[in-house]
>>> print(open('target_19.pdb').read())   # PDB, C-alpha atoms
ATOM      1  CA  MET A   1     130.850 188.578  71.647  1.00  0.00           C
ATOM      2  CA  ASN A   2     131.879 188.244  75.282  1.00  0.00           C
ATOM      3  CA  GLU A   3     133.260 184.837  76.185  1.00  0.00           C
ATOM      4  CA  LYS A   4     131.690 183.117  79.137  1.00  0.00           C
ATOM      5  CA  THR A   5     132.904 179.934  80.749  1.00  0.00           C
ATOM      6  CA  TYR A   6     130.571 177.470  82.392  1.00  0.00           C
ATOM      7  CA  SER A   7     131.517 174.394  84.416  1.00  0.00           C
ATOM      8  CA  THR A   8     129.597 171.150  84.453  1.00  0.00           C
ATOM      9  CA  PRO A   9     127.947 170.443  87.775  1.00  0.00           C
ATOM     10  CA  ALA A  10     127.988 167.049  89.482  1.00  0.00           C
ATOM     11  CA  ALA A  11     124.785 165.167  88.739  1.00  0.00           C
ATOM     12  CA  THR A  12     123.238 161.767  89.301  1.00  0.00           C
ATOM     13  CA  PHE A  13     120.490 160.176  87.257  1.00  0.00           C
ATOM     14  CA  THR A  14     118.300 157.519  88.837  1.00  0.00           C
ATOM     15  CA  GLU A  15     115.782 155.255  87.156  1.00  0.00           C
ATOM     16  CA  ARG A  16     112.956 154.144  89.403  1.00  0.00           C
ATOM     17  CA  ALA A  17     109.921 151.966  88.748  1.00  0.00           C
ATOM     18  CA  GLU A  18     107.585 154.814  87.781  1.00  0.00           C
ATOM     19  CA  ASP A  19     109.885 157.724  87.020  1.00  0.00           C
ATOM     20  CA  TYR A  20     113.355 159.148  86.523  1.00  0.00           C
ATOM     21  CA  VAL A  21     115.119 161.540  88.895  1.00  0.00           C
ATOM     22  CA  LEU A  22     117.972 163.817  87.892  1.00  0.00           C
ATOM     23  CA  GLU A  23     119.774 165.453  90.826  1.00  0.00           C
ATOM     24  CA  VAL A  24     122.168 168.284  90.054  1.00  0.00           C
ATOM     25  CA  VAL A  25     124.513 169.728  92.687  1.00  0.00           C
ATOM     26  CA  LEU A  26     124.406 173.541  92.536  1.00  0.00           C
ATOM     27  CA  PRO A  27     125.644 174.884  95.880  1.00  0.00           C
ATOM     28  CA  GLY A  28     124.714 178.472  96.594  1.00  0.00           C
ATOM     29  CA  ILE A  29     122.248 178.682  93.730  1.00  0.00           C
ATOM     30  CA  ALA A  30     118.770 179.915  94.585  1.00  0.00           C
ATOM     31  CA  LYS A  31     115.609 179.023  92.660  1.00  0.00           C
ATOM     32  CA  ASP A  32     115.650 182.232  90.650  1.00  0.00           C
ATOM     33  CA  GLU A  33     119.281 181.784  89.606  1.00  0.00           C
ATOM     34  CA  VAL A  34     118.676 178.642  87.512  1.00  0.00           C
ATOM     35  CA  GLU A  35     117.326 178.585  84.004  1.00  0.00           C
ATOM     36  CA  LEU A  36     115.893 175.187  83.122  1.00  0.00           C
ATOM     37  CA  ASN A  37     114.686 174.454  79.600  1.00  0.00           C
ATOM     38  CA  LEU A  38     113.233 171.440  77.847  1.00  0.00           C
ATOM     39  CA  GLU A  39     113.373 171.031  74.077  1.00  0.00           C
ATOM     40  CA  GLY A  40     112.040 167.724  72.844  1.00  0.00           C
ATOM     41  CA  LYS A  41     113.817 165.248  75.114  1.00  0.00           C
ATOM     42  CA  THR A  42     116.803 167.471  75.850  1.00  0.00           C
ATOM     43  CA  LEU A  43     117.035 169.212  79.198  1.00  0.00           C
ATOM     44  CA  THR A  44     119.367 172.169  79.465  1.00  0.00           C
ATOM     45  CA  LEU A  45     120.196 174.154  82.538  1.00  0.00           C
ATOM     46  CA  LYS A  46     122.242 177.245  83.137  1.00  0.00           C
ATOM     47  CA  THR A  47     122.916 179.222  86.302  1.00  0.00           C
ATOM     48  CA  ALA A  48     123.354 182.957  86.724  1.00  0.00           C
ATOM     49  CA  SER A  49     124.953 183.128  90.123  1.00  0.00           C
ATOM     50  CA  LYS A  50     124.815 186.265  92.212  1.00  0.00           C
ATOM     51  CA  TYR A  51     127.443 185.009  94.664  1.00  0.00           C
ATOM     52  CA  ASN A  52     130.194 187.450  95.353  1.00  0.00           C
ATOM     53  CA  ASN A  53     132.656 188.519  98.046  1.00  0.00           C
ATOM     54  CA  PRO A  54     130.758 190.027 100.959  1.00  0.00           C
ATOM     55  CA  ALA A  55     130.954 193.791 100.423  1.00  0.00           C
ATOM     56  CA  GLY A  56     134.234 195.265 101.598  1.00  0.00           C
ATOM     57  CA  PHE A  57     135.821 191.924 102.468  1.00  0.00           C
ATOM     58  CA  LYS A  58     139.079 190.648 101.059  1.00  0.00           C
ATOM     59  CA  LEU A  59     139.364 187.088  99.758  1.00  0.00           C
ATOM     60  CA  VAL A  60     141.794 185.110 101.921  1.00  0.00           C
ATOM     61  CA  ALA A  61     141.294 181.528 100.729  1.00  0.00           C
ATOM     62  CA  ALA A  62     139.313 180.218  97.776  1.00  0.00           C
ATOM     63  CA  GLU A  63     138.745 176.508  97.490  1.00  0.00           C
ATOM     64  CA  PHE A  64     135.533 176.512  95.557  1.00  0.00           C
ATOM     65  CA  GLU A  65     135.104 178.545  92.451  1.00  0.00           C
ATOM     66  CA  ARG A  66     131.814 180.240  92.166  1.00  0.00           C
ATOM     67  CA  GLY A  67     131.421 180.602  88.467  1.00  0.00           C
ATOM     68  CA  ASP A  68     128.336 179.529  86.622  1.00  0.00           C
ATOM     69  CA  TRP A  69     127.234 176.062  85.689  1.00  0.00           C
ATOM     70  CA  ALA A  70     125.642 174.708  82.552  1.00  0.00           C
ATOM     71  CA  MET A  71     124.740 171.240  81.400  1.00  0.00           C
ATOM     72  CA  SER A  72     122.519 169.468  78.966  1.00  0.00           C
ATOM     73  CA  PHE A  73     120.997 166.050  79.343  1.00  0.00           C
ATOM     74  CA  ASP A  74     119.058 163.833  76.937  1.00  0.00           C
ATOM     75  CA  LEU A  75     116.157 162.137  78.673  1.00  0.00           C
ATOM     76  CA  PRO A  76     115.470 158.494  77.874  1.00  0.00           C
ATOM     77  CA  GLU A  77     112.859 157.395  75.366  1.00  0.00           C
ATOM     78  CA  MET A  78     110.356 156.386  78.043  1.00  0.00           C
ATOM     79  CA  ALA A  79     110.360 159.807  79.702  1.00  0.00           C
ATOM     80  CA  ASP A  80     106.996 161.527  79.607  1.00  0.00           C
ATOM     81  CA  THR A  81     108.155 165.089  79.305  1.00  0.00           C
ATOM     82  CA  ALA A  82     104.713 166.515  80.066  1.00  0.00           C
ATOM     83  CA  THR A  83     105.090 165.307  83.670  1.00  0.00           C
ATOM     84  CA  ILE A  84     108.355 167.073  84.392  1.00  0.00           C
ATOM     85  CA  SER A  85     108.732 168.843  87.749  1.00  0.00           C
ATOM     86  CA  ALA A  86     111.716 170.450  89.446  1.00  0.00           C
ATOM     87  CA  LYS A  87     112.550 171.376  93.026  1.00  0.00           C
ATOM     88  CA  ASN A  88     115.537 173.284  94.408  1.00  0.00           C
ATOM     89  CA  SER A  89     116.521 172.734  98.010  1.00  0.00           C
ATOM     90  CA  LYS A  90     119.789 173.000 100.022  1.00  0.00           C
ATOM     91  CA  GLY A  91     121.780 173.615  96.862  1.00  0.00           C
ATOM     92  CA  ILE A  92     120.515 170.516  95.051  1.00  0.00           C
ATOM     93  CA  LEU A  93     118.190 170.768  92.051  1.00  0.00           C
ATOM     94  CA  SER A  94     115.971 167.703  91.780  1.00  0.00           C
ATOM     95  CA  ILE A  95     114.134 167.066  88.496  1.00  0.00           C
ATOM     96  CA  THR A  96     111.527 164.319  88.263  1.00  0.00           C
ATOM     97  CA  ILE A  97     109.980 162.953  85.064  1.00  0.00           C
ATOM     98  CA  LYS A  98     107.409 160.176  85.029  1.00  0.00           C
ATOM     99  CA  LYS A  99     107.710 157.282  82.615  1.00  0.00           C
ATOM    100  CA  ARG A 100     105.300 156.945  79.727  1.00  0.00           C
ATOM    101  CA  PRO A 101     102.669 154.358  80.583  1.00  0.00           C
ATOM    102  CA  VAL A 102     103.220 151.167  78.641  1.00  0.00           C
ATOM    103  CA  ALA A 103     100.162 150.398  76.528  1.00  0.00           C
ATOM    104  CA  ALA A 104      98.454 147.229  77.713  1.00  0.00           C
ATOM    105  CA  ALA A 105      98.295 144.404  75.206  1.00  0.00           C
ATOM    106  CA  ARG A 106      95.059 144.471  73.193  1.00  0.00           C
ATOM    107  CA  ARG A 107      93.308 141.741  71.414  1.00  0.00           C
ATOM    108  CA  ILE A 108      92.480 142.844  67.870  1.00  0.00           C
ATOM    109  CA  GLU A 109      89.273 141.616  66.336  1.00  0.00           C
ATOM    110  CA  ILE A 110      89.581 140.351  62.785  1.00  0.00           C
ATOM    111  CA  GLY A 111      86.686 141.372  60.563  1.00  0.00           C
TER     112      GLY A 111
ATOM    113  CA  MET B   1     136.612 186.450  90.032  1.00  0.00           C
ATOM    114  CA  ASN B   2     139.997 188.008  89.368  1.00  0.00           C
ATOM    115  CA  THR B   3     141.230 187.710  92.955  1.00  0.00           C
ATOM    116  CA  LEU B   4     142.736 184.294  92.193  1.00  0.00           C
ATOM    117  CA  LEU B   5     145.315 185.854  89.874  1.00  0.00           C
ATOM    118  CA  ASN B   6     147.112 187.419  92.845  1.00  0.00           C
ATOM    119  CA  ILE B   7     147.904 184.099  94.511  1.00  0.00           C
ATOM    120  CA  ASN B   8     151.232 182.457  93.775  1.00  0.00           C
ATOM    121  CA  PRO B   9     150.198 178.855  93.006  1.00  0.00           C
ATOM    122  CA  TRP B  10     153.426 177.346  94.278  1.00  0.00           C
ATOM    123  CA  SER B  11     153.221 178.827  97.757  1.00  0.00           C
ATOM    124  CA  ILE B  12     150.439 176.368  98.548  1.00  0.00           C
ATOM    125  CA  PHE B  13     152.947 173.528  98.379  1.00  0.00           C
ATOM    126  CA  ASP B  14     155.460 175.296 100.638  1.00  0.00           C
ATOM    127  CA  ASP B  15     152.708 175.585 103.200  1.00  0.00           C
ATOM    128  CA  LEU B  16     151.832 171.902 103.086  1.00  0.00           C
ATOM    129  CA  LEU B  17     155.350 170.954 104.173  1.00  0.00           C
ATOM    130  CA  ASN B  18     155.255 173.234 107.190  1.00  0.00           C
ATOM    131  CA  VAL B  19     153.664 171.237 109.996  1.00  0.00           C
ATOM    132  CA  ASN B  20     152.548 174.379 111.787  1.00  0.00           C
ATOM    133  CA  SER B  21     150.797 175.932 108.833  1.00  0.00           C
ATOM    134  CA  ARG B  22     147.106 176.265 108.343  1.00  0.00           C
ATOM    135  CA  ALA B  23     147.281 174.330 105.084  1.00  0.00           C
ATOM    136  CA  PHE B  24     148.858 171.262 106.686  1.00  0.00           C
ATOM    137  CA  LYS B  25     146.497 171.180 109.621  1.00  0.00           C
ATOM    138  CA  SER B  26     143.411 171.491 107.525  1.00  0.00           C
ATOM    139  CA  ILE B  27     144.421 168.488 105.430  1.00  0.00           C
ATOM    140  CA  ARG B  28     144.167 166.227 108.435  1.00  0.00           C
ATOM    141  CA  SER B  29     140.519 165.194 108.355  1.00  0.00           C
ATOM    142  CA  ARG B  30     138.993 162.267 110.163  1.00  0.00           C
ATOM    143  CA  ALA B  31     138.783 159.987 107.148  1.00  0.00           C
ATOM    144  CA  ALA B  32     141.216 159.965 104.267  1.00  0.00           C
ATOM    145  CA  GLY B  33     138.254 160.943 102.189  1.00  0.00           C
ATOM    146  CA  ARG B  34     136.957 164.282 101.143  1.00  0.00           C
ATOM    147  CA  PHE B  35     136.140 167.252 103.276  1.00  0.00           C
ATOM    148  CA  PRO B  36     134.174 170.259 102.159  1.00  0.00           C
ATOM    149  CA  PRO B  37     135.917 173.188 100.446  1.00  0.00           C
ATOM    150  CA  ILE B  38     135.804 176.646 101.989  1.00  0.00           C
ATOM    151  CA  ASN B  39     136.109 180.230 100.887  1.00  0.00           C
ATOM    152  CA  MET B  40     137.396 182.631 103.482  1.00  0.00           C
ATOM    153  CA  PHE B  41     137.004 186.414 103.534  1.00  0.00           C
ATOM    154  CA  MET B  42     138.170 189.029 105.992  1.00  0.00           C
ATOM    155  CA  ASP B  43     138.142 192.704 106.785  1.00  0.00           C
ATOM    156  CA  GLU B  44     139.423 194.548 109.866  1.00  0.00           C
ATOM    157  CA  SER B  45     136.449 193.589 111.976  1.00  0.00           C
ATOM    158  CA  ALA B  46     135.480 190.037 111.032  1.00  0.00           C
ATOM    159  CA  VAL B  47     136.216 186.784 109.243  1.00  0.00           C
ATOM    160  CA  ILE B  48     133.618 185.108 107.060  1.00  0.00           C
ATOM    161  CA  ILE B  49     133.920 181.460 106.076  1.00  0.00           C
ATOM    162  CA  ASP B  50     131.699 179.914 103.417  1.00  0.00           C
ATOM    163  CA  VAL B  51     131.580 176.115 103.485  1.00  0.00           C
ATOM    164  CA  GLU B  52     130.261 174.235 100.483  1.00  0.00           C
ATOM    165  CA  LEU B  53     127.831 171.624 101.861  1.00  0.00           C
ATOM    166  CA  PRO B  54     125.131 170.853  99.301  1.00  0.00           C
ATOM    167  CA  GLY B  55     122.264 168.750 100.639  1.00  0.00           C
ATOM    168  CA  LYS B  56     123.139 169.489 104.274  1.00  0.00           C
ATOM    169  CA  SER B  57     121.297 171.496 106.877  1.00  0.00           C
ATOM    170  CA  ALA B  58     122.006 172.737 110.383  1.00  0.00           C
ATOM    171  CA  SER B  59     121.358 169.418 112.096  1.00  0.00           C
ATOM    172  CA  ASP B  60     124.005 167.629 110.002  1.00  0.00           C
ATOM    173  CA  ILE B  61     126.938 169.795 111.035  1.00  0.00           C
ATOM    174  CA  LYS B  62     128.677 170.560 114.322  1.00  0.00           C
ATOM    175  CA  LEU B  63     130.583 173.802 114.821  1.00  0.00           C
ATOM    176  CA  GLU B  64     133.076 174.429 117.601  1.00  0.00           C
ATOM    177  CA  LEU B  65     134.780 177.708 118.294  1.00  0.00           C
ATOM    178  CA  GLU B  66     138.134 178.338 119.943  1.00  0.00           C
ATOM    179  CA  PRO B  67     139.570 181.805 120.561  1.00  0.00           C
ATOM    180  CA  GLN B  68     141.412 181.720 117.246  1.00  0.00           C
ATOM    181  CA  ALA B  69     140.134 178.693 115.351  1.00  0.00           C
ATOM    182  CA  VAL B  70     136.898 177.072 114.249  1.00  0.00           C
ATOM    183  CA  THR B  71     136.230 173.357 113.787  1.00  0.00           C
ATOM    184  CA  ILE B  72     133.569 172.117 111.381  1.00  0.00           C
ATOM    185  CA  GLU B  73     132.524 168.531 111.791  1.00  0.00           C
ATOM    186  CA  ASP B  74     130.267 166.143 109.923  1.00  0.00           C
ATOM    187  CA  SER B  75     127.611 165.056 112.372  1.00  0.00           C
ATOM    188  CA  PRO B  76     125.088 162.982 110.409  1.00  0.00           C
ATOM    189  CA  THR B  77     121.474 163.158 111.538  1.00  0.00           C
ATOM    190  CA  VAL B  78     120.324 159.768 112.717  1.00  0.00           C
ATOM    191  CA  LYS B  79     117.241 158.644 110.837  1.00  0.00           C
ATOM    192  CA  GLU B  80     114.628 156.573 112.584  1.00  0.00           C
ATOM    193  CA  GLY B  81     115.734 152.989 112.996  1.00  0.00           C
ATOM    194  CA  GLU B  82     119.338 153.664 111.990  1.00  0.00           C
ATOM    195  CA  GLU B  83     122.368 153.282 114.209  1.00  0.00           C
ATOM    196  CA  LYS B  84     124.323 156.412 114.957  1.00  0.00           C
ATOM    197  CA  ARG B  85     126.966 156.820 112.245  1.00  0.00           C
ATOM    198  CA  GLU B  86     130.340 158.360 112.801  1.00  0.00           C
ATOM    199  CA  GLY B  87     130.965 161.550 110.895  1.00  0.00           C
ATOM    200  CA  GLU B  88     133.161 161.299 107.824  1.00  0.00           C
ATOM    201  CA  TRP B  89     135.246 164.401 108.187  1.00  0.00           C
ATOM    202  CA  ARG B  90     136.366 167.078 110.567  1.00  0.00           C
ATOM    203  CA  ARG B  91     138.136 170.251 109.576  1.00  0.00           C
ATOM    204  CA  ARG B  92     139.867 172.760 111.822  1.00  0.00           C
ATOM    205  CA  ILE B  93     140.529 176.214 110.419  1.00  0.00           C
ATOM    206  CA  GLU B  94     142.886 178.664 112.038  1.00  0.00           C
ATOM    207  CA  LEU B  95     141.778 182.284 111.981  1.00  0.00           C
ATOM    208  CA  PRO B  96     143.844 185.414 111.336  1.00  0.00           C
ATOM    209  CA  PHE B  97     142.779 186.960 114.658  1.00  0.00           C
ATOM    210  CA  ARG B  98     140.924 186.142 117.862  1.00  0.00           C
ATOM    211  CA  VAL B  99     137.158 186.144 117.580  1.00  0.00           C
ATOM    212  CA  GLU B 100     134.286 186.762 119.913  1.00  0.00           C
ATOM    213  CA  ALA B 101     132.249 183.606 120.510  1.00  0.00           C
ATOM    214  CA  GLU B 102     129.048 185.332 121.613  1.00  0.00           C
ATOM    215  CA  LYS B 103     128.842 187.360 118.424  1.00  0.00           C
ATOM    216  CA  ALA B 104     129.538 184.454 116.067  1.00  0.00           C
ATOM    217  CA  ASN B 105     126.743 183.216 113.865  1.00  0.00           C
ATOM    218  CA  ALA B 106     126.294 180.608 111.153  1.00  0.00           C
ATOM    219  CA  LYS B 107     123.567 180.265 108.551  1.00  0.00           C
ATOM    220  CA  PHE B 108     122.781 177.799 105.800  1.00  0.00           C
ATOM    221  CA  GLN B 109     121.638 179.092 102.458  1.00  0.00           C
ATOM    222  CA  ASP B 110     121.179 176.874  99.390  1.00  0.00           C
ATOM    223  CA  GLY B 111     123.769 174.384 100.544  1.00  0.00           C
ATOM    224  CA  ILE B 112     126.397 176.923 101.594  1.00  0.00           C
ATOM    225  CA  LEU B 113     127.072 177.434 105.284  1.00  0.00           C
ATOM    226  CA  ARG B 114     128.184 181.003 105.984  1.00  0.00           C
ATOM    227  CA  ILE B 115     129.993 181.464 109.303  1.00  0.00           C
ATOM    228  CA  GLU B 116     130.470 185.025 110.493  1.00  0.00           C
ATOM    229  CA  LEU B 117     133.106 185.583 113.175  1.00  0.00           C
ATOM    230  CA  PRO B 118     133.553 189.115 114.498  1.00  0.00           C
ATOM    231  CA  LYS B 119     136.964 190.053 115.817  1.00  0.00           C
ATOM    232  CA  ALA B 120     137.359 190.043 119.591  1.00  0.00           C
ATOM    233  CA  GLU B 121     137.451 193.529 121.098  1.00  0.00           C
ATOM    234  CA  ALA B 122     141.058 194.502 121.583  1.00  0.00           C
ATOM    235  CA  LEU B 123     142.036 194.486 125.209  1.00  0.00           C
ATOM    236  CA  GLY B 124     142.774 198.064 126.109  1.00  0.00           C
ATOM    237  CA  LYS B 125     146.116 199.241 127.406  1.00  0.00           C
ATOM    238  CA  ARG B 126     146.167 199.528 131.175  1.00  0.00           C
ATOM    239  CA  ARG B 127     148.504 201.540 133.229  1.00  0.00           C
ATOM    240  CA  ILE B 128     149.895 199.623 136.179  1.00  0.00           C
ATOM    241  CA  THR B 129     150.687 201.496 139.327  1.00  0.00           C
ATOM    242  CA  ILE B 130     154.041 200.719 140.830  1.00  0.00           C
ATOM    243  CA  THR B 131     154.339 200.537 144.549  1.00  0.00           C
ATOM    244  CA  ASP B 132     157.544 200.905 146.461  1.00  0.00           C
TER     245      ASP B 132
END
>>> encode(input="target_19.pdb", output="structure tokens")
Amino acid sequence: MNEKTYSTPAATFTERAEDYVLEVVLPGIAKDEVELNLEGKTLTLKTASKYNNPAGFKLVAAEFERGDWAMSFDLPEMADTATISAKNSKGILSITIKKRPVAAARRIEIG
Amino acid sequence: MNTLLNINPWSIFDDLLNVNSRAFKSIRSRAAGRFPPINMFMDESAVIIDVELPGKSASDIKLELEPQAVTIEDSPTVKEGEEKREGEWRRRIELPFRVEAEKANAKFQDGILRIELPKAEALGKRRITITD
């Protein structure tokens, strides 16, 4: 089996009143280069980057590695996974999940 | 990418001590904080610089070109109601050859700014007539 190394991307997780937002920094990654999966409450993402040296050019300085990223993240209990949505813009992947509505208190009739 | 294997890791430190080197000059940013990393590529006719700037777009960055250097500067977009903020970093990169300003172009894609700088046309040799 071929070995493949992935790095963990920088990410921030924010809890807001109605939802959660996970922002993952993936510079240079286009929409079709990310694989995002949800299994139960676990989010996993993996990138398959097509970034390479421009054809015929020699690398002179390399300060950012352009390997692939992977990470997994367990969403909190209150996350309503059916409402998940994701948007990729300017190299940042933004994933939003609404919170499960809290059931209102009910008065129970005693028979 | 196997290209990294050809670089002697220790030479980077030699460069930092040399005040005239590209490495030393690029460390001097406006704040002591971070500045964006770059990848630089070249062939005989151009230099390409990729700058890692996730979340940024054209209006957040200022680019200045000199005959043989390019300066990238953080120039935050002022949102409505906010005071103008000072940029947090500035980075000047020396180039391996002179470049032609009119043919330079820069484009943002998915948080990476790619700057293409074609080499300046070589000045031809001219014969000078000698008068007595």
>>> interface_residues(input="target_19.pdb", of="chain A", to="chain B", cutoff="6 Å", atoms="all atoms listed in the file", output="PyMOL selection string")
chain A and resi 27-28+57-64+90-91
>>> resolve_selection(input="target_19.pdb", expression="the PyMOL selection byres ((chain A and resi 9) around 7)", output="ChimeraX atom specification")
/A:7-8,10-11,24-26,69
>>> atom_distance(input="target_19.pdb", atom1="CA of Ile29 (chain A)", atom2="CA of Arg114 (chain B)")
13.8 Å
>>> closest_residue(input="target_19.pdb", among="A:Glu109, A:Asp74, A:Asp68, A:Glu15", to="Glu33 (chain A)", atoms="only C-alpha atoms")
A:Asp68
>>> atom_distance(input="target_19.pdb", atom1="CA of Pro101 (chain A)", atom2="CA of Ser89 (chain A)")
28.9 Å
>>> closest_residue(input="target_19.pdb", among="B:Lys84, B:Lys62, B:Arg34, B:Lys119", to="Arg98 (chain B)", atoms="all atoms listed in the file")
B:Lys119
>>> resolve_selection(input="target_19.pdb", expression="the PyMOL selection byres ((chain A and resi 87) around 12)", output="mmCIF file with C-alpha atoms, in the frame of the given file")
data_model
loop_
_atom_site.group_PDB
_atom_site.id
_atom_site.type_symbol
_atom_site.label_atom_id
_atom_site.label_comp_id
_atom_site.auth_asym_id
_atom_site.auth_seq_id
_atom_site.Cartn_x
_atom_site.Cartn_y
_atom_site.Cartn_z
ATOM 1 C CA VAL A 21 115.119 161.540 88.895
ATOM 2 C CA LEU A 22 117.972 163.817 87.892
ATOM 3 C CA GLU A 23 119.774 165.453 90.826
ATOM 4 C CA VAL A 24 122.168 168.284 90.054
ATOM 5 C CA ALA A 30 118.770 179.915 94.585
ATOM 6 C CA LYS A 31 115.609 179.023 92.660
ATOM 7 C CA ASP A 32 115.650 182.232 90.650
ATOM 8 C CA VAL A 34 118.676 178.642 87.512
ATOM 9 C CA LEU A 36 115.893 175.187 83.122
ATOM 10 C CA ILE A 84 108.355 167.073 84.392
ATOM 11 C CA SER A 85 108.732 168.843 87.749
ATOM 12 C CA ALA A 86 111.716 170.450 89.446
ATOM 13 C CA ASN A 88 115.537 173.284 94.408
ATOM 14 C CA SER A 89 116.521 172.734 98.010
ATOM 15 C CA LYS A 90 119.789 173.000 100.022
ATOM 16 C CA GLY A 91 121.780 173.615 96.862
ATOM 17 C CA ILE A 92 120.515 170.516 95.051
ATOM 18 C CA LEU A 93 118.190 170.768 92.051
ATOM 19 C CA SER A 94 115.971 167.703 91.780
ATOM 20 C CA ILE A 95 114.134 167.066 88.496
ATOM 21 C CA THR A 96 111.527 164.319 88.263
ATOM 22 C CA ILE A 97 109.980 162.953 85.064
#
>>> atom_distance(input="target_19.pdb", atom1="CA of Phe73 (chain A)", atom2="CA of Val102 (chain A)")
23.2 Å
